[in-house]
Amino acid sequence: MKLLLIACGVMWRELSYFASISPHSIDYCFLPQGLHVDPRDLRQKVRAAISEASVKDYDAVLLGYGLCSGGLSGVEAGNMKLVIPKAHDCITLLLGDREKHARFTSERPEVYWYSPGWIETGTQPGLERLEKARAFYEEKYGKENGQYLMETMESWIVNYKTAAYVDLGVGERESDIEFTKKCALELGWSFLRVQGDPSLVRDLVNGDWDEQRFLVVEPGRAIFESYDSSILKSRSYSPPGNKKEGTLKSDPITPDDERFMREAIAEAKKAGDKGEVPIGAVIVSGPDIVGRGHNLRETENDPTAHAEIVALKKAAERLQSWRVSPAACYVTAEPCPMCAGALVNARVDRLVYGCPDPKAGACETLYRIPHDPRLNHKMEVVSGALGEECALLLRDFFKKLRQD
């Protein structure tokens with residue numbers, strides 16, 4: 001087969017090695033590391049690479065990615081089929097199995113992963129990175145403010161206690177392992193060497209695409225998050241020019257998105273009936289709603305009783321975990337800084353909101369908290385789901401309030 005491999009540059013060593021011993025003819029397109037920080041940018045870059053390849057005679061396009069902060073959700077197959085591992089991110093590719101990655105994350109949440117590609121980016125935690133961050137903050141904001149920002153923005157590092165090097169047998173292994181040990185020593189962490197499993201990477205480039213581990217997306221279909229253990233699924237989409245269905249080129253809204261947003265709207269109406277600003281939210285994990293909430297600030301005299309917070313608390317209680325993941329939040333209005341921060345801290349994977357908030361929107365309007373590269377978790381953000389209907393609820397509420 002003649003194949004095109006589009007992949008993150010952080011995986012170039014591993015993918016290049018196994019592609020070089022593949023029985024197939026493979027062309028490469030490695031995109032810059034870090035695009036997952038803004039999932040829309042990642043989605044756009046992958047789409048552009050696929051579009052450029054559409055004029056060539058490839059049998060399939062291989063994607064050396066996982067879901068990657070939702071950046072691959074909504075990517076369409078075009079005129080060639082796509083093949084992507086059913087994985088959250090590159091660590092699954094290195095470990096060779098998404099269930100192994102899930103078990104590791106559950107049993108060892110304090111682990112921070114190191115690999116040849118990640119070490120080459122210069123972004124892995126260590127004394128050198130921390131000193132660079134300190135110098136940047138102090139130069140830009142002054143010593144006192146820089147120290148405060150350092151303590152605030154780099155505080156995520158206290159959540160980790162182990163530097164784990166995934167060894168697939170490629171790259172400058174000895175120096176990479178020594179670098180990881182050095183970082184662990186500087187940070188007061190322990191060191192762990194984890195034997196990687198090349199089967200997922202090897203089988204991707206060898207064409208061994210079983211349904212359990214790979215998603216094969218035929219032309220006319222697109223990649224979407226499944227919100228279950230399979231991570232990814234495909235569904236049909238309408239190409240540009242189809243007036244009935246439209247296109248998924250921007251903020252793809254699925255039938256499930258519309259269904260769950262209607263549940264959030266129902267919650268918003270409950271808030272309005274109580275004289276509260278009509279905002280509602282639901283948290284969805286797999287096929288189920290695990291948390292519901294609507295604005296209760298006035299009712300409970302609680303400044304934190306926003307719809308998202310109420311729904312998050314109920315979801316965490318039901319899931320018996322502060323990590324509300326894998327999950328999506330559907331809310332009728334763009335979250336404020338408090339709620340956006342709570343969703344990030346709860347590790348929610350995807351946010352779908354209805355209408356923007358020009359005065360407090362912290363996801364895309366005033367701030368971009370879900371995509372802030374300084375935070376240790378990113379969310380996919382989809383806006384405009386039943387947006388006019390959500391905005392009408394607010395307009396009618398405030399119009400009536402002014403009349404009264």
# chains A, B, ... in the order shown; residues from 1 in each chain; ligands from 1

$ residues_around --residues "Pro39 (chain A)" --least-positions-apart "2" --cutoff "6 Å" --atoms "only C-alpha atoms" --output "MDAnalysis selection string"
chainID A and resid 36 41:42 70:71

$ closest_atom_pairs --of "region 64-178 of chain A" --to "region 211-231 of chain A" --cutoff "7 Å" --atoms "only C-alpha atoms" --output "tab-separated table"
residue	atom	partner	partner_atom	distance
A:Leu72	CA	A:Ile223	CA	6.8
A:Ser73	CA	A:Phe224	CA	4.4
A:Gly74	CA	A:Ile223	CA	5.3
A:Val75	CA	A:Ile223	CA	5.5
A:Glu76	CA	A:Ala222	CA	4.1
A:Ala77	CA	A:Pro219	CA	5.0
A:Gly78	CA	A:Pro219	CA	5.4
A:Asn79	CA	A:Pro219	CA	5.2
A:Met80	CA	A:Pro219	CA	5.6
A:Lys81	CA	A:Glu218	CA	4.5
A:Leu82	CA	A:Val217	CA	4.9
A:Val83	CA	A:Val216	CA	4.6
A:Ile84	CA	A:Leu215	CA	5.4
A:Pro85	CA	A:Phe214	CA	4.4
A:Lys86	CA	A:Phe214	CA	5.3
A:Ala87	CA	A:Ile231	CA	6.4
A:His88	CA	A:Ile231	CA	6.9

$ select_by_dssp --residues "region 154-256 of chain A" --states "strand (DSSP E)" --output "PyMOL selection string"
chain A and resi 162-167+190-195+214-217+221-225+232-236

$ write_last_selection --atoms "C-alpha atoms" --output "mmCIF file, in the first residue's frame"
data_model
loop_
_atom_site.group_PDB
_atom_site.id
_atom_site.type_symbol
_atom_site.label_atom_id
_atom_site.label_comp_id
_atom_site.auth_asym_id
_atom_site.auth_seq_id
_atom_site.Cartn_x
_atom_site.Cartn_y
_atom_site.Cartn_z
ATOM 1 C CA THR A 162 7.446 10.306 39.658
ATOM 2 C CA ALA A 163 9.314 10.878 36.397
ATOM 3 C CA ALA A 164 8.574 7.878 34.168
ATOM 4 C CA TYR A 165 10.624 7.267 31.027
ATOM 5 C CA VAL A 166 8.845 5.165 28.373
ATOM 6 C CA ASP A 167 11.454 3.056 26.635
ATOM 7 C CA SER A 190 11.349 9.116 42.125
ATOM 8 C CA PHE A 191 12.435 7.683 38.772
ATOM 9 C CA LEU A 192 10.638 4.901 36.937
ATOM 10 C CA ARG A 193 11.635 3.216 33.697
ATOM 11 C CA VAL A 194 8.615 1.782 31.896
ATOM 12 C CA GLN A 195 9.105 -0.719 29.104
ATOM 13 C CA PHE A 214 -7.919 1.291 15.485
ATOM 14 C CA LEU A 215 -10.647 3.450 14.019
ATOM 15 C CA VAL A 216 -10.848 3.239 10.222
ATOM 16 C CA VAL A 217 -12.779 6.238 8.906
ATOM 17 C CA ARG A 221 -17.280 10.087 7.591
ATOM 18 C CA ALA A 222 -15.522 12.018 10.353
ATOM 19 C CA ILE A 223 -13.781 11.297 13.660
ATOM 20 C CA PHE A 224 -15.657 12.020 16.875
ATOM 21 C CA GLU A 225 -15.113 11.342 20.548
ATOM 22 C CA LEU A 232 -13.144 7.388 19.218
ATOM 23 C CA LYS A 233 -15.954 6.695 16.789
ATOM 24 C CA SER A 234 -16.870 7.833 13.268
ATOM 25 C CA ARG A 235 -20.088 9.196 11.829
ATOM 26 C CA SER A 236 -21.201 10.539 8.475
#

$ atom_distance --atom1 "CA of Met11 (chain A)" --atom2 "CA of Ser199 (chain A)"
14.4 Å

$ select_by_dssp --residues "region 131-216 of chain A" --states "alpha helix (DSSP H)" --output "MDAnalysis selection string"
chainID A and resid 131:141 143:153 173:187 199:206

$ residues_around --residues "Ile283 (chain A)" --least-positions-apart "5" --cutoff "9 Å" --atoms "only C-alpha atoms" --output "ChimeraX atom specification"
/A:260,288-293,308,311-312,314-315,324,327-331,348

$ write_last_selection --atoms "C-alpha atoms" --output "PDB file, in the first residue's frame"
ATOM      1  CA  PHE A 260     -27.833  16.974  25.663  1.00  0.00           C
ATOM      2  CA  ASP A 288     -25.442   8.921  30.539  1.00  0.00           C
ATOM      3  CA  ILE A 289     -26.126  12.249  32.209  1.00  0.00           C
ATOM      4  CA  VAL A 290     -24.267  11.983  35.520  1.00  0.00           C
ATOM      5  CA  GLY A 291     -24.902  15.505  36.810  1.00  0.00           C
ATOM      6  CA  ARG A 292     -27.518  18.214  36.331  1.00  0.00           C
ATOM      7  CA  GLY A 293     -27.584  21.776  37.553  1.00  0.00           C
ATOM      8  CA  GLU A 308     -21.785  24.246  35.993  1.00  0.00           C
ATOM      9  CA  ALA A 311     -23.760  19.900  37.934  1.00  0.00           C
ATOM     10  CA  LEU A 312     -20.065  19.149  38.551  1.00  0.00           C
ATOM     11  CA  LYS A 314     -23.458  16.029  41.435  1.00  0.00           C
ATOM     12  CA  ALA A 315     -21.345  14.301  38.788  1.00  0.00           C
ATOM     13  CA  VAL A 324     -14.970  13.957  36.197  1.00  0.00           C
ATOM     14  CA  ALA A 327     -16.956  13.487  30.409  1.00  0.00           C
ATOM     15  CA  ALA A 328     -18.441  16.467  28.601  1.00  0.00           C
ATOM     16  CA  CYS A 329     -20.198  19.518  29.999  1.00  0.00           C
ATOM     17  CA  TYR A 330     -23.163  21.026  28.161  1.00  0.00           C
ATOM     18  CA  VAL A 331     -24.109  24.499  29.363  1.00  0.00           C
ATOM     19  CA  VAL A 348     -13.616  17.436  31.986  1.00  0.00           C
TER      20      VAL A 348
END

$ closest_residue --among "A:Phe179, A:Tyr58, A:Lys2, A:Cys363" --to "Gly122 (chain A)" --atoms "only C-alpha atoms"
A:Phe179

$ atom_distance --atom1 "CA of Lys45 (chain A)" --atom2 "CA of Asp349 (chain A)"
20.6 Å

$ atom_distance --atom1 "CA of Gln124 (chain A)" --atom2 "CA of Ala48 (chain A)"
28.7 Å

$ residues_around --residues "Pro370 (chain A)" --least-positions-apart "4" --cutoff "12 Å" --atoms "only C-alpha atoms" --output "VMD selection string"
chain A and resid 36 to 40 69 to 70 334 to 352 361 to 365 374 to 382

$ closest_residue --among "A:Ala316, A:Leu187, A:Val158, A:Leu386" --to "Ala264 (chain A)" --atoms "only C-alpha atoms"
A:Leu386

$ residues_around --residues "Cys390 (chain A)" --least-positions-apart "6" --cutoff "12 Å" --atoms "only C-alpha atoms" --output "VMD selection string"
chain A and resid 258 261 to 269 277 to 281 330 to 334 353 to 357 383 to 384 396 to 397

$ write_last_selection --atoms "N, CA and C atoms" --output "PDB file, in the first residue's frame"
ATOM      1  N   GLU A 258     -26.911  18.087  20.379  1.00  0.00           N
ATOM      2  CA  GLU A 258     -28.201  18.778  20.412  1.00  0.00           C
ATOM      3  C   GLU A 258     -29.107  18.188  21.495  1.00  0.00           C
ATOM      4  N   MET A 261     -27.808  19.298  24.871  1.00  0.00           N
ATOM      5  CA  MET A 261     -28.008  20.731  25.075  1.00  0.00           C
ATOM      6  C   MET A 261     -29.471  21.020  25.399  1.00  0.00           C
ATOM      7  N   ARG A 262     -30.374  20.270  24.844  1.00  0.00           N
ATOM      8  CA  ARG A 262     -31.783  20.458  25.184  1.00  0.00           C
ATOM      9  C   ARG A 262     -32.040  20.109  26.652  1.00  0.00           C
ATOM     10  N   GLU A 263     -31.306  19.162  27.176  1.00  0.00           N
ATOM     11  CA  GLU A 263     -31.399  18.849  28.609  1.00  0.00           C
ATOM     12  C   GLU A 263     -30.885  20.029  29.438  1.00  0.00           C
ATOM     13  N   ALA A 264     -29.807  20.659  28.971  1.00  0.00           N
ATOM     14  CA  ALA A 264     -29.277  21.840  29.668  1.00  0.00           C
ATOM     15  C   ALA A 264     -30.276  22.994  29.600  1.00  0.00           C
ATOM     16  N   ILE A 265     -30.938  23.152  28.457  1.00  0.00           N
ATOM     17  CA  ILE A 265     -31.950  24.206  28.322  1.00  0.00           C
ATOM     18  C   ILE A 265     -33.107  23.961  29.291  1.00  0.00           C
ATOM     19  N   ALA A 266     -33.484  22.690  29.460  1.00  0.00           N
ATOM     20  CA  ALA A 266     -34.544  22.364  30.423  1.00  0.00           C
ATOM     21  C   ALA A 266     -34.134  22.779  31.832  1.00  0.00           C
ATOM     22  N   GLU A 267     -32.853  22.582  32.162  1.00  0.00           N
ATOM     23  CA  GLU A 267     -32.357  23.020  33.468  1.00  0.00           C
ATOM     24  C   GLU A 267     -32.387  24.545  33.574  1.00  0.00           C
ATOM     25  N   ALA A 268     -32.032  25.220  32.478  1.00  0.00           N
ATOM     26  CA  ALA A 268     -32.046  26.689  32.488  1.00  0.00           C
ATOM     27  C   ALA A 268     -33.450  27.221  32.752  1.00  0.00           C
ATOM     28  N   LYS A 269     -34.444  26.569  32.175  1.00  0.00           N
ATOM     29  CA  LYS A 269     -35.824  27.001  32.388  1.00  0.00           C
ATOM     30  C   LYS A 269     -36.245  26.836  33.840  1.00  0.00           C
ATOM     31  N   VAL A 277     -31.197  33.793  36.985  1.00  0.00           N
ATOM     32  CA  VAL A 277     -30.737  33.935  35.599  1.00  0.00           C
ATOM     33  C   VAL A 277     -30.778  32.556  34.951  1.00  0.00           C
ATOM     34  N   PRO A 278     -31.468  32.398  33.831  1.00  0.00           N
ATOM     35  CA  PRO A 278     -31.708  31.064  33.265  1.00  0.00           C
ATOM     36  C   PRO A 278     -30.497  30.460  32.559  1.00  0.00           C
ATOM     37  N   ILE A 279     -29.669  29.819  33.330  1.00  0.00           N
ATOM     38  CA  ILE A 279     -28.519  29.080  32.801  1.00  0.00           C
ATOM     39  C   ILE A 279     -28.596  27.667  33.371  1.00  0.00           C
ATOM     40  N   GLY A 280     -28.416  26.675  32.501  1.00  0.00           N
ATOM     41  CA  GLY A 280     -28.470  25.284  32.923  1.00  0.00           C
ATOM     42  C   GLY A 280     -27.313  24.493  32.358  1.00  0.00           C
ATOM     43  N   ALA A 281     -27.004  23.381  33.011  1.00  0.00           N
ATOM     44  CA  ALA A 281     -25.871  22.555  32.586  1.00  0.00           C
ATOM     45  C   ALA A 281     -26.139  21.088  32.894  1.00  0.00           C
ATOM     46  N   TYR A 330     -22.285  20.259  29.046  1.00  0.00           N
ATOM     47  CA  TYR A 330     -23.163  21.026  28.161  1.00  0.00           C
ATOM     48  C   TYR A 330     -23.788  22.134  28.996  1.00  0.00           C
ATOM     49  N   VAL A 331     -23.584  23.371  28.597  1.00  0.00           N
ATOM     50  CA  VAL A 331     -24.109  24.499  29.363  1.00  0.00           C
ATOM     51  C   VAL A 331     -24.654  25.539  28.389  1.00  0.00           C
ATOM     52  N   THR A 332     -25.724  26.199  28.788  1.00  0.00           N
ATOM     53  CA  THR A 332     -26.427  27.083  27.852  1.00  0.00           C
ATOM     54  C   THR A 332     -25.669  28.370  27.558  1.00  0.00           C
ATOM     55  N   ALA A 333     -24.788  28.802  28.444  1.00  0.00           N
ATOM     56  CA  ALA A 333     -24.022  30.031  28.222  1.00  0.00           C
ATOM     57  C   ALA A 333     -22.552  29.777  28.495  1.00  0.00           C
ATOM     58  N   GLU A 334     -21.703  30.543  27.856  1.00  0.00           N
ATOM     59  CA  GLU A 334     -20.254  30.410  28.025  1.00  0.00           C
ATOM     60  C   GLU A 334     -19.869  30.541  29.492  1.00  0.00           C
ATOM     61  N   TYR A 353     -21.053  24.764  24.685  1.00  0.00           N
ATOM     62  CA  TYR A 353     -21.913  25.799  25.238  1.00  0.00           C
ATOM     63  C   TYR A 353     -22.752  26.445  24.138  1.00  0.00           C
ATOM     64  N   GLY A 354     -23.822  27.087  24.588  1.00  0.00           N
ATOM     65  CA  GLY A 354     -24.764  27.673  23.645  1.00  0.00           C
ATOM     66  C   GLY A 354     -24.369  29.042  23.157  1.00  0.00           C
ATOM     67  N   CYS A 355     -24.586  30.059  23.990  1.00  0.00           N
ATOM     68  CA  CYS A 355     -24.317  31.434  23.549  1.00  0.00           C
ATOM     69  C   CYS A 355     -23.112  32.021  24.280  1.00  0.00           C
ATOM     70  N   PRO A 356     -22.396  32.945  23.654  1.00  0.00           N
ATOM     71  CA  PRO A 356     -21.243  33.582  24.303  1.00  0.00           C
ATOM     72  C   PRO A 356     -21.692  34.547  25.400  1.00  0.00           C
ATOM     73  N   ASP A 357     -20.771  34.832  26.307  1.00  0.00           N
ATOM     74  CA  ASP A 357     -21.024  35.810  27.370  1.00  0.00           C
ATOM     75  C   ASP A 357     -20.031  36.954  27.197  1.00  0.00           C
ATOM     76  N   SER A 383     -18.682  25.753  20.509  1.00  0.00           N
ATOM     77  CA  SER A 383     -19.604  26.844  20.814  1.00  0.00           C
ATOM     78  C   SER A 383     -20.749  26.892  19.824  1.00  0.00           C
ATOM     79  N   GLY A 384     -21.836  27.555  20.239  1.00  0.00           N
ATOM     80  CA  GLY A 384     -22.939  27.797  19.323  1.00  0.00           C
ATOM     81  C   GLY A 384     -23.966  26.689  19.234  1.00  0.00           C
ATOM     82  N   ASP A 396     -35.072  37.210  27.029  1.00  0.00           N
ATOM     83  CA  ASP A 396     -36.433  37.304  27.550  1.00  0.00           C
ATOM     84  C   ASP A 396     -36.443  37.531  29.060  1.00  0.00           C
ATOM     85  N   PHE A 397     -35.524  36.880  29.758  1.00  0.00           N
ATOM     86  CA  PHE A 397     -35.453  37.021  31.214  1.00  0.00           C
ATOM     87  C   PHE A 397     -35.123  38.458  31.602  1.00  0.00           C
TER      88      PHE A 397
END

$ closest_residue --among "A:Leu127, A:Ala271, A:Gly169, A:Val282" --to "His294 (chain A)" --atoms "only C-alpha atoms"
A:Ala271

$ closest_residue --among "A:Glu300, A:Asp257, A:Glu317, A:Asp176" --to "Trp118 (chain A)" --atoms "only C-alpha atoms"
A:Asp176

$ closest_residue --among "A:Tyr65, A:Trp189, A:Trp12, A:Tyr137" --to "Pro116 (chain A)" --atoms "only C-alpha atoms"
A:Trp12

$ closest_residue --among "A:Asp210, A:Asp197, A:Asp256, A:Asp372" --to "Leu95 (chain A)" --atoms "only C-alpha atoms"
A:Asp197

$ residues_around --residues "Asp27 (chain A)" --least-positions-apart "3" --cutoff "7 Å" --atoms "only C-alpha atoms" --output "ChimeraX atom specification"
/A:3-5
